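Listing of protein.cif; format and content: mmCIF, C-alpha atoms.
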data_structure
loop_
_atom_site.group_PDB
_atom_site.id
_atom_site.type_symbol
_atom_site.label_atom_id
_atom_site.label_comp_id
_atom_site.auth_asym_id
_atom_site.auth_seq_id
_atom_site.Cartn_x
_atom_site.Cartn_y
_atom_site.Cartn_z
ATOM 1 C CA MET P 220 11.297 -10.482 11.046
ATOM 2 C CA LYS P 221 14.095 -8.734 9.168
ATOM 3 C CA ARG P 222 13.485 -6.879 5.973
ATOM 4 C CA SER P 223 15.411 -7.880 2.880
ATOM 5 C CA LYS P 224 17.941 -5.352 1.655
ATOM 6 C CA ARG P 225 17.927 -7.000 -1.752
ATOM 7 C CA GLN P 226 16.626 -4.898 -4.624
ATOM 8 C CA GLY P 227 15.476 -7.283 -7.306
ATOM 9 C CA LYS P 228 14.302 -6.631 -10.823
ATOM 10 C CA ALA P 229 10.710 -6.773 -11.990
ATOM 11 C CA ARG P 230 8.983 -7.118 -15.342
ATOM 12 C CA VAL P 231 5.481 -6.572 -16.707
ATOM 13 C CA VAL P 232 4.080 -9.942 -17.771
ATOM 14 C CA ALA P 233 0.500 -9.058 -18.809
ATOM 15 C CA ARG P 234 -1.703 -6.050 -19.582
ATOM 16 C CA ALA P 235 -5.442 -5.620 -20.036
ATOM 17 C CA VAL P 236 -8.185 -2.984 -20.081
ATOM 18 C CA LEU P 237 -9.950 -2.536 -16.739
ATOM 19 C CA PRO P 238 -13.137 -0.428 -16.757
ATOM 20 C CA THR P 239 -14.147 0.564 -13.207
ATOM 21 C CA ARG P 240 -16.874 2.608 -11.539
ATOM 22 C CA PHE P 241 -14.193 5.224 -10.858
ATOM 23 C CA GLY P 242 -13.282 5.564 -14.538
ATOM 24 C CA PRO P 243 -11.230 3.872 -17.261
ATOM 25 C CA PHE P 244 -8.107 2.062 -16.076
ATOM 26 C CA SER P 245 -5.762 -0.602 -17.370
ATOM 27 C CA ILE P 246 -4.256 -3.406 -15.306
ATOM 28 C CA ALA P 247 -0.745 -4.824 -15.503
ATOM 29 C CA GLY P 248 0.621 -7.950 -13.866
ATOM 30 C CA ILE P 249 4.176 -7.565 -12.562
ATOM 31 C CA LYS P 250 6.556 -10.329 -11.498
ATOM 32 C CA GLY P 251 9.902 -10.238 -9.773
ATOM 33 C CA ARG P 252 12.663 -12.796 -9.375
ATOM 34 C CA GLY P 253 11.344 -14.419 -6.211
ATOM 35 C CA PRO P 254 8.308 -16.726 -6.091
ATOM 36 C CA ASP P 255 6.437 -14.311 -3.807
ATOM 37 C CA GLU P 256 7.321 -11.172 -5.752
ATOM 38 C CA GLU P 257 4.230 -10.162 -7.677
ATOM 39 C CA ALA P 258 1.841 -7.249 -7.857
ATOM 40 C CA VAL P 259 -0.784 -5.686 -10.042
ATOM 41 C CA ALA P 260 -0.740 -2.067 -11.178
ATOM 42 C CA ILE P 261 -4.027 -0.303 -11.879
ATOM 43 C CA GLN P 262 -3.144 2.565 -14.209
ATOM 44 C CA HIS P 263 -5.025 5.626 -15.383
ATOM 45 C CA GLY P 264 -3.787 7.804 -18.222
ATOM 46 C CA ARG P 265 -0.488 7.739 -20.058
ATOM 47 C CA LEU P 266 2.777 7.663 -18.149
ATOM 48 C CA LYS P 267 5.116 10.205 -19.740
ATOM 49 C CA PRO P 268 8.898 9.943 -19.206
ATOM 50 C CA GLY P 269 10.208 12.354 -16.606
ATOM 51 C CA THR P 270 6.818 13.127 -15.067
ATOM 52 C CA ALA P 271 5.677 12.171 -11.569
ATOM 53 C CA PRO P 272 2.315 10.373 -11.693
ATOM 54 C CA LEU P 273 -0.002 10.192 -8.694
ATOM 55 C CA VAL P 274 0.711 6.831 -7.038
ATOM 56 C CA ARG P 275 -0.846 4.812 -4.242
ATOM 57 C CA ILE P 276 1.018 1.725 -3.015
ATOM 58 C CA HIS P 277 -1.694 -0.355 -1.381
ATOM 59 C CA SER P 278 -1.117 -3.499 0.649
ATOM 60 C CA GLN P 279 -3.756 -6.184 0.204
ATOM 61 C CA CYS P 280 -6.422 -6.242 2.931
ATOM 62 C CA LEU P 281 -8.946 -9.006 2.333
ATOM 63 C CA THR P 282 -11.062 -8.068 5.336
ATOM 64 C CA GLY P 283 -11.196 -4.384 4.422
ATOM 65 C CA ASP P 284 -10.952 -4.325 0.630
ATOM 66 C CA VAL P 285 -13.308 -7.279 0.014
ATOM 67 C CA PHE P 286 -15.411 -7.819 3.147
ATOM 68 C CA MET P 287 -15.658 -4.066 3.959
ATOM 69 C CA SER P 288 -14.436 -4.417 7.533
ATOM 70 C CA GLU P 289 -14.412 -1.202 9.536
ATOM 71 C CA ARG P 290 -11.606 -2.366 11.848
ATOM 72 C CA CYS P 291 -9.253 -0.543 9.459
ATOM 73 C CA ASP P 292 -9.430 2.211 6.851
ATOM 74 C CA CYS P 293 -7.925 0.143 4.008
ATOM 75 C CA ARG P 294 -10.939 0.016 1.681
ATOM 76 C CA ALA P 295 -11.654 3.698 2.298
ATOM 77 C CA GLN P 296 -8.039 4.551 1.404
ATOM 78 C CA LEU P 297 -8.208 2.408 -1.734
ATOM 79 C CA GLU P 298 -11.423 4.028 -2.940
ATOM 80 C CA LEU P 299 -10.140 7.526 -2.157
ATOM 81 C CA SER P 300 -6.977 6.766 -4.137
ATOM 82 C CA LEU P 301 -8.871 5.437 -7.151
ATOM 83 C CA ARG P 302 -11.102 8.520 -7.192
ATOM 84 C CA LYS P 303 -8.137 10.899 -6.991
ATOM 85 C CA ILE P 304 -6.114 9.020 -9.611
ATOM 86 C CA ALA P 305 -9.102 8.868 -11.996
ATOM 87 C CA LYS P 306 -9.211 12.689 -11.865
ATOM 88 C CA ALA P 307 -5.454 13.096 -12.339
ATOM 89 C CA ARG P 308 -3.663 13.261 -15.669
ATOM 90 C CA SER P 309 -1.983 9.948 -14.886
ATOM 91 C CA GLY P 310 -1.598 7.655 -11.934
ATOM 92 C CA ILE P 311 -1.188 4.152 -10.560
ATOM 93 C CA VAL P 312 -2.469 2.035 -7.709
ATOM 94 C CA LEU P 313 0.197 -0.605 -7.100
ATOM 95 C CA TYR P 314 -1.537 -3.440 -5.230
ATOM 96 C CA LEU P 315 0.808 -5.644 -3.222
ATOM 97 C CA PRO P 316 0.033 -9.021 -1.587
ATOM 98 C CA GLN P 317 1.265 -7.952 1.862
ATOM 99 C CA GLU P 318 -1.723 -8.928 4.010
ATOM 100 C CA GLY P 319 -1.726 -7.823 7.642
ATOM 101 C CA ARG P 320 1.320 -5.540 7.274
ATOM 102 C CA GLY P 321 3.196 -8.495 5.828
ATOM 103 C CA ILE P 322 2.276 -11.268 8.305
ATOM 104 C CA GLY P 323 -0.233 -13.098 6.087
ATOM 105 C CA LEU P 324 -3.950 -13.722 6.270
ATOM 106 C CA ILE P 325 -4.131 -16.408 8.965
ATOM 107 C CA ASN P 326 -1.734 -14.557 11.249
ATOM 108 C CA LYS P 327 -3.806 -11.441 10.682
ATOM 109 C CA VAL P 328 -6.897 -13.249 11.978
ATOM 110 C CA LYS P 329 -4.840 -14.407 14.975
ATOM 111 C CA ALA P 330 -3.872 -10.767 15.520
ATOM 112 C CA TYR P 331 -7.538 -9.797 15.386
ATOM 113 C CA GLU P 332 -8.215 -12.336 18.121
ATOM 114 C CA LEU P 333 -5.534 -10.766 20.308
ATOM 115 C CA GLN P 334 -6.943 -7.310 19.587
ATOM 116 C CA ASP P 335 -10.368 -8.509 20.749
ATOM 117 C CA GLU P 336 -8.642 -9.374 24.039
ATOM 118 C CA GLY P 337 -7.365 -5.806 24.425
ATOM 119 C CA LEU P 338 -4.072 -5.517 22.510
ATOM 120 C CA ASP P 339 -3.558 -2.902 19.813
ATOM 121 C CA THR P 340 -2.377 -3.823 16.302
ATOM 122 C CA VAL P 341 1.322 -3.324 17.072
ATOM 123 C CA GLU P 342 1.176 -5.286 20.341
ATOM 124 C CA ALA P 343 -0.722 -8.137 18.652
ATOM 125 C CA ASN P 344 1.799 -8.465 15.824
ATOM 126 C CA ARG P 345 4.699 -8.472 18.271
ATOM 127 C CA GLN P 346 3.069 -11.079 20.503
ATOM 128 C CA LEU P 347 2.828 -13.313 17.417
ATOM 129 C CA GLY P 348 6.574 -12.888 16.871
ATOM 130 C CA PHE P 349 6.475 -10.325 14.057
ATOM 131 C CA ALA P 350 7.706 -6.767 13.687
ATOM 132 C CA ALA P 351 5.142 -4.008 14.144
ATOM 133 C CA ASP P 352 5.207 -3.650 10.356
ATOM 134 C CA SER P 353 6.884 -6.381 8.284
ATOM 135 C CA ARG P 354 6.234 -4.865 4.868
ATOM 136 C CA ASP P 355 9.087 -4.462 2.396
ATOM 137 C CA TYR P 356 8.837 -1.947 -0.450
ATOM 138 C CA ASP P 357 11.970 -2.962 -2.400
ATOM 139 C CA PHE P 358 9.796 -4.886 -4.850
ATOM 140 C CA ALA P 359 7.341 -1.982 -5.051
ATOM 141 C CA ALA P 360 10.189 0.263 -6.196
ATOM 142 C CA ALA P 361 11.285 -2.349 -8.756
ATOM 143 C CA ALA P 362 7.688 -2.696 -10.010
ATOM 144 C CA LEU P 363 7.342 1.057 -10.495
ATOM 145 C CA LYS P 364 10.627 1.150 -12.424
ATOM 146 C CA ALA P 365 9.359 -1.723 -14.601
ATOM 147 C CA LEU P 366 6.469 0.586 -15.526
ATOM 148 C CA GLY P 367 8.946 3.340 -16.397
ATOM 149 C CA VAL P 368 8.261 5.363 -13.236
ATOM 150 C CA ARG P 369 11.153 6.810 -11.215
ATOM 151 C CA ARG P 370 9.439 9.885 -9.731
ATOM 152 C CA VAL P 371 6.074 9.854 -7.967
ATOM 153 C CA ARG P 372 3.571 11.985 -6.138
ATOM 154 C CA LEU P 373 2.716 9.527 -3.386
ATOM 155 C CA LEU P 374 -0.658 9.121 -1.710
ATOM 156 C CA SER P 375 0.474 7.983 1.732
ATOM 157 C CA ASN P 376 0.577 8.761 5.435
ATOM 158 C CA ASN P 377 3.511 6.396 6.032
ATOM 159 C CA PRO P 378 7.047 7.902 6.224
ATOM 160 C CA ASP P 379 8.644 4.424 6.155
ATOM 161 C CA LYS P 380 7.072 3.768 2.749
ATOM 162 C CA ILE P 381 8.611 6.982 1.432
ATOM 163 C CA ASN P 382 12.046 6.144 2.843
ATOM 164 C CA GLN P 383 12.036 2.616 1.409
ATOM 165 C CA LEU P 384 10.941 3.789 -2.052
ATOM 166 C CA GLU P 385 13.697 6.380 -2.174
ATOM 167 C CA ARG P 386 16.283 3.791 -1.104
ATOM 168 C CA GLY P 387 14.955 1.648 -3.952
ATOM 169 C CA GLY P 388 15.598 4.377 -6.526
ATOM 170 C CA VAL P 389 12.139 5.960 -6.801
ATOM 171 C CA ARG P 390 12.038 9.631 -5.848
ATOM 172 C CA VAL P 391 8.985 10.863 -3.933
ATOM 173 C CA VAL P 392 8.622 14.462 -5.125
ATOM 174 C CA GLU P 393 5.459 15.088 -3.103
ATOM 175 C CA ARG P 394 3.570 13.314 -0.333
ATOM 176 C CA ILE P 395 -0.184 13.694 -0.533
ATOM 177 C CA PRO P 396 -2.218 12.681 2.546
ATOM 178 C CA CYS P 397 -4.425 9.618 2.065
ATOM 179 C CA ARG P 398 -7.019 10.341 4.723
ATOM 180 C CA PRO P 399 -10.603 9.252 4.063
ATOM 181 C CA ARG P 400 -13.397 9.820 6.552
ATOM 182 C CA THR P 401 -12.664 7.923 9.753
ATOM 183 C CA SER P 402 -15.107 5.327 11.076
ATOM 184 C CA HIS P 403 -15.552 5.257 14.864
ATOM 185 C CA HIS P 404 -14.585 1.551 14.646
ATOM 186 C CA SER P 405 -11.160 2.395 13.174
ATOM 187 C CA ARG P 406 -10.262 5.440 15.305
ATOM 188 C CA ALA P 407 -8.161 3.496 17.839
ATOM 189 C CA TYR P 408 -6.447 1.635 14.966
ATOM 190 C CA LEU P 409 -5.476 4.961 13.396
ATOM 191 C CA ARG P 410 -4.227 6.369 16.698
ATOM 192 C CA THR P 411 -1.920 3.354 17.011
ATOM 193 C CA LYS P 412 -0.611 3.994 13.496
ATOM 194 C CA LYS P 413 0.159 7.581 14.460
ATOM 195 C CA GLN P 414 1.607 6.972 17.922
ATOM 196 C CA LYS P 415 3.555 3.735 17.361
ATOM 197 C CA LEU P 416 4.309 3.647 13.614
ATOM 198 C CA GLY P 417 4.833 7.360 12.979
ATOM 199 C CA HIS P 418 2.073 7.766 10.387
ATOM 200 C CA ILE P 419 1.199 11.356 9.600
ATOM 201 C CA LEU P 420 -2.436 11.649 10.710
ATOM 202 C CA ALA P 421 -3.542 15.084 11.830
ATOM 203 C CA GLY P 422 -6.437 15.459 14.203
ATOM 204 C CA LEU P 423 -6.080 12.151 16.075
#

This structure in structure tokens:
Amino acid sequence: MKRSKRQGKARVVARAVLPTRFGPFSIAGIKGRGPDEEAVAIQHGRLKPGTAPLVRIHSQCLTGDVFMSERCDCRAQLELSLRKIAKARSGIVLYLPQEGRGIGLINKVKAYELQDEGLDTVEANRQLGFAADSRDYDFAAAALKALGVRRVRLLSNNPDKINQLERGGVRVVERIPCRPRTSHHSRAYLRTKKQKLGHILAGL
């Protein structure tokens, strides 16, 4: 699956207050030009022009975020990010509907089935005919710019995410590791991220 080189525009279409157990946030709905280009931004504090808020770009993970699966560290990363951003002067979690590294929910379950048979996450995605990671962050960059953000301190272990954001016109002034406590269920998953996707994960 090839990534789009197109850099579309995005706009904020709705805003609301969002109290959470991590602290006070607001939520914004963001739409792009394409029918599948949408995201929500969970924001803490006021975004001041020229500053670099603390930002987490989080891809949707139904099994982890909602059902608390321990096959991955997605929910743990999301909660860690919300805690850190709630303590920062300002910050955003940009939540993108890119389930299963961009392959979709049903294909993700198919990939789980292949993993149960002995493949790792990269091998399973490739056997299904997808890239190891099909996610595209062009729209994420456009969404951040729609919020008035062009510089970020990024909570991420993923160098590809940094490179794509910068190509999209958002400067990453600092990378901050997003490394929650590792479950023994997700250790092999994280090793694959490090060894085959180049994620920066010390100690694995």

Item to check | Between atom CA of Arg294 of chain P and atom CA of Ile325 of chain P, distance in Å (one decimal) | outcome: 19.2 Å

Checklist entry - Near segment 372-379 of chain P, within 9 Å and counting all atoms listed in the file, which residues show up once chain neighbours fewer than 2 positions away are dropped, as a count of residues only? => result 28

Item to check | Expected selection from the PyMOL selection byres ((chain P and resi 343) around 10), given as a ChimeraX atom specification | outcome: /P:326-327,329-342,344-351

Next on the checklist: Env of Val232 of chain P: 9 Å cut, atoms = only C-alpha atoms, seq-sep filter 5 positions within chain, self excluded. Answer as a list in words.
Outcome noted: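 Using only C-alpha atoms, the neighbours found are Ala247, Gly248, Ile249 and Lys250 of chain P.
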
Item to check | Spatial neighbours of Leu301 of chain P, 12 Å, only C-alpha atoms, chain gap at least 2 places, as a VMD selection string | outcome: chain P and resid 239 to 244 260 to 263 273 to 277 294 to 299 303 to 307 309 to 314 374 397 399

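Atom CA of Leu315 of chain P sits 5.7 Å away from atom CA of Gln279 of chain P.
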
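With distances taken over all atoms listed in the file, P:Val371 is the one residue among P:Val389, P:Ile322, P:Met287, P:Val371 lying closest to Lys267 of chain P.
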
Next on the checklist: If I take atom CA of Glu318 of chain P and atom CA of Ser278 of chain P, how far is one from the other in Å, to one decimal?
Outcome noted: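 Interatomic distance here is 6.4 Å.
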
Checklist entry - Which residue gives the smallest distance to Ser288 of chain P among P:Ser402, P:Arg386, P:Arg410, P:Gly321, with all atoms listed in the file counted? => result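 Smallest separation from Ser288 of chain P among the options: P:Ser402.
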
Item to check | Spatial neighbours of segment 364-369 of chain P, 7 Å, only C-alpha atoms, chain gap at least 2 places, as a ChimeraX atom specification | outcome: /P:229-231,360-362,371,388-390

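Distance annotation: of P:Ala258, P:Pro238, P:Gly387, P:Phe286, the residue with the minimal separation from Pro316 of chain P is P:Ala258; atom set is all atoms listed in the file.
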
Can you pull segment 259-291 of chain P out of that block with N, CA and C atoms and hand it back as a compact mmCIF listing (two decimals), in the first residue's frame?
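Below is the file out-v3.txt, written as the result:
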# COMPACT_ATOMS: atom_id res chain seq x y z
N VAL P 259 -10.02 13.73 16.00
CA VAL P 259 -10.39 14.58 17.12
C VAL P 259 -9.11 15.00 17.84
N ALA P 260 -9.12 16.21 18.36
CA ALA P 260 -7.99 16.73 19.13
C ALA P 260 -8.46 16.97 20.56
N ILE P 261 -7.78 16.34 21.51
CA ILE P 261 -8.07 16.54 22.92
C ILE P 261 -7.03 17.53 23.43
N GLN P 262 -7.47 18.70 23.83
CA GLN P 262 -6.54 19.80 24.12
C GLN P 262 -6.59 20.22 25.58
N HIS P 263 -5.42 20.46 26.12
CA HIS P 263 -5.30 21.01 27.48
C HIS P 263 -4.56 22.34 27.40
N GLY P 264 -5.09 23.34 28.09
CA GLY P 264 -4.44 24.64 28.14
C GLY P 264 -4.65 25.45 26.88
N ARG P 265 -4.05 26.63 26.88
CA ARG P 265 -4.18 27.54 25.74
C ARG P 265 -2.97 27.42 24.82
N LEU P 266 -3.25 27.31 23.53
CA LEU P 266 -2.18 27.22 22.54
C LEU P 266 -1.75 28.63 22.15
N LYS P 267 -0.53 29.01 22.50
CA LYS P 267 -0.05 30.35 22.19
C LYS P 267 0.78 30.33 20.92
N PRO P 268 0.58 31.32 20.04
CA PRO P 268 1.34 31.37 18.77
C PRO P 268 2.84 31.32 19.02
N GLY P 269 3.53 30.53 18.22
CA GLY P 269 4.98 30.45 18.31
C GLY P 269 5.52 29.47 19.32
N THR P 270 4.66 28.95 20.21
CA THR P 270 5.12 27.99 21.20
C THR P 270 5.03 26.57 20.64
N ALA P 271 5.62 25.63 21.35
CA ALA P 271 5.59 24.23 20.92
C ALA P 271 4.90 23.41 22.01
N PRO P 272 3.60 23.16 21.87
CA PRO P 272 2.89 22.38 22.88
C PRO P 272 3.34 20.92 22.88
N LEU P 273 3.07 20.24 23.97
CA LEU P 273 3.33 18.81 24.08
C LEU P 273 2.24 18.07 23.31
N VAL P 274 2.63 17.25 22.36
CA VAL P 274 1.66 16.62 21.45
C VAL P 274 1.89 15.11 21.37
N ARG P 275 0.79 14.38 21.43
CA ARG P 275 0.79 12.95 21.14
C ARG P 275 -0.13 12.71 19.95
N ILE P 276 0.39 12.09 18.89
CA ILE P 276 -0.45 11.68 17.77
C ILE P 276 -0.72 10.19 17.96
N HIS P 277 -1.97 9.87 18.24
CA HIS P 277 -2.33 8.51 18.65
C HIS P 277 -3.26 7.88 17.63
N SER P 278 -2.85 6.73 17.11
CA SER P 278 -3.70 6.01 16.16
C SER P 278 -4.69 5.14 16.92
N GLN P 279 -5.94 5.20 16.50
CA GLN P 279 -7.01 4.45 17.14
C GLN P 279 -6.64 2.98 17.30
N CYS P 280 -6.93 2.43 18.48
CA CYS P 280 -6.72 1.01 18.75
C CYS P 280 -7.91 0.53 19.58
N LEU P 281 -8.93 0.04 18.91
CA LEU P 281 -10.13 -0.40 19.62
C LEU P 281 -9.80 -1.46 20.67
N THR P 282 -9.00 -2.45 20.29
CA THR P 282 -8.71 -3.53 21.21
C THR P 282 -7.94 -3.06 22.44
N GLY P 283 -7.00 -2.14 22.24
CA GLY P 283 -6.22 -1.63 23.36
C GLY P 283 -6.92 -0.51 24.11
N ASP P 284 -7.32 0.54 23.37
CA ASP P 284 -7.88 1.72 24.01
C ASP P 284 -9.20 1.43 24.71
N VAL P 285 -10.05 0.60 24.11
CA VAL P 285 -11.39 0.34 24.65
C VAL P 285 -11.46 -0.96 25.43
N PHE P 286 -10.96 -2.05 24.84
CA PHE P 286 -11.10 -3.37 25.46
C PHE P 286 -9.91 -3.73 26.36
N MET P 287 -8.93 -2.82 26.46
CA MET P 287 -7.77 -2.97 27.36
C MET P 287 -6.94 -4.21 27.07
N SER P 288 -6.81 -4.53 25.79
CA SER P 288 -5.94 -5.63 25.38
C SER P 288 -4.50 -5.36 25.81
N GLU P 289 -3.80 -6.42 26.18
CA GLU P 289 -2.39 -6.31 26.53
C GLU P 289 -1.48 -6.86 25.43
N ARG P 290 -2.06 -7.10 24.23
CA ARG P 290 -1.24 -7.50 23.09
C ARG P 290 -0.38 -6.34 22.62
N CYS P 291 -0.78 -5.12 22.94
CA CYS P 291 -0.06 -3.92 22.54
C CYS P 291 0.05 -2.99 23.75
